[in-house]
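> One structure is given below, represented as structure tokens, and several questions about it will come after.
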Amino acid sequence: GLTTAIAAQLTDDAKRKLGRMVYAFALMKALTLVRPFEAKLTTQEGVETFKTLQVVIGNGRFHAGPFLLSPTASITDGKLEVYALEGTGRAAFLKMALHMRGGHQGDLPEVRAYSLSSGKLEAAPQKHVTVDGEIVRRTPLTFKSVPGGLQVMVPKDFGDSS
């Protein structure tokens with residue numbers, strides 16, 4: 001959807017020349033290019049089908065830089081945060097964008113928001129998938145959280161508030 005259209009505009013040359021402004025230009029161009037598609041999301045709760053401009057699935061707190069996936073999103077809770085704008089209007093997308101800074105896009109009636117451990121996303125027509133800013137796959141996409149799947153070493157006092 002939209003995030004992939006933005007990623008496609010972000011060349012290394014454009015990033016060098018424009019710096020952070022490249023993202024604003026990429027968003028404006030992507031908004032003219034992106035077309036609505038039908039998304040089918042299969043979860044443990046059932047199957048939902050809806051028209052959208054993008055579906056976001058994340059396993060941390062943030063998406064696209066400073067935007068929270070949800071107010072309670074956590075990289076350690078074993079959940080994937082999913083949200084999608086149900087609808088195809090650019091005005092609805094801009095309304096959602098205003099709520100994304102605090103992660104409150106899921107509070108809007110036109111945004112579907114989920115906290116899941118796994119699922120499957122299908123799209124018609126088939127869509128490219130962006131992973132951490134890189135276009136790497138196509139739908140259908142099966143996704144799953146694997147708590148403890150990545151082990152890291154941290155100092156003993158990591159997380160101490162003292």
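Each chain in the structure tokens gets a letter, A, B, ..., in the order shown, and its residues are numbered from 1; ligands are numbered from 1 in order too.
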Residues near A:Thr43, anyone? I mean within 9 Å using only C-alpha atoms, not counting same-chain ones fewer than 3 positions away, as number ranges by chain.
A: 46-48, 116-121
> Residues as selected, C-alpha atoms, written as a PDB file, in the first residue's frame, can you do that?

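What ended up in part-v1.pdb:
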```
ATOM      1  CA  GLY A  46     -11.771 -14.829  12.122  1.00  0.00           C
ATOM      2  CA  VAL A  47     -11.570 -13.291   8.649  1.00  0.00           C
ATOM      3  CA  GLU A  48     -12.170  -9.667   7.722  1.00  0.00           C
ATOM      4  CA  LEU A 116      -2.192 -10.137  17.390  1.00  0.00           C
ATOM      5  CA  SER A 117       0.275 -12.952  17.761  1.00  0.00           C
ATOM      6  CA  SER A 118      -0.185 -14.217  14.181  1.00  0.00           C
ATOM      7  CA  GLY A 119      -2.223 -13.898  11.029  1.00  0.00           C
ATOM      8  CA  LYS A 120      -2.330 -13.876   7.259  1.00  0.00           C
ATOM      9  CA  LEU A 121      -2.705 -10.876   4.955  1.00  0.00           C
TER      10      LEU A 121
END
```
> Which residues are near A:Ser115? Cut-off 10 Å, only C-alpha atoms, ignore same chain within fewer than 4 positions. Put them as a ChimeraX atom specification.
/A:57-59,69-70,72-73,78-83
> What does the distance from atom CA of A:Gln105 to atom CA of A:Gly89 come to in Å, to one decimal?
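Calculated distance between atom CA of A:Gln105 and atom CA of A:Gly89 is 15.3 Å.
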> Please identify which residues in stretch 48-108 of chain A DSSP calls strand (DSSP E or B) from the backbone, and express them as a list in words.
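Written out, the strand (DSSP E or B) residues of stretch 48-108 of chain A are Glu48, Thr49, Phe50, Lys51, Thr52, Val55, Val56, Ile57, Gly58, Phe62, His63, Phe67, Leu68, Leu80, Glu81, Val82, Tyr83, Ala84 and Leu85 of chain A.
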> Can you tell me, as a VMD selection string, what residues are no more than 12 Å from A:Pro140 when counting only C-alpha atoms, ignoring any on the same chain fewer than 6 positions away?
chain A and resid 39 to 42 119 to 129
> Which of these residues is nearest to A:Leu68, using only C-alpha atoms: A:Val136, A:Val154, A:Ala97, A:Leu18?
A:Ala97
> Expressed in Å to a single decimal, how great is the separation between atom CA of A:Leu53 and atom CA of A:Ser145?
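These atoms are spaced 24.2 Å apart.
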> Out of stretch 55-148 of chain A, which residues get alpha helix (DSSP H) from DSSP, as a ChimeraX atom specification?
/A:90-100
> Quick one: everything within 7 Å of A:Glu110, counting only C-alpha atoms, minus sequence neighbours fewer than 5 positions away in the same chain. Send it as an MDAnalysis selection string.
chainID A and resid 85:87
> Hey, can you check how far atom CA of A:Ala64 sits from atom CA of A:Ala92?
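Pair atom CA of A:Ala64 / atom CA of A:Ala92 returns 18.4 Å.
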> Using only C-alpha atoms, find the one residue out of A:Thr130, A:Gly148, A:Asp77, A:Gln54 that sits nearest to A:Met96.
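Closest to A:Met96, using only C-alpha atoms: A:Gln54.
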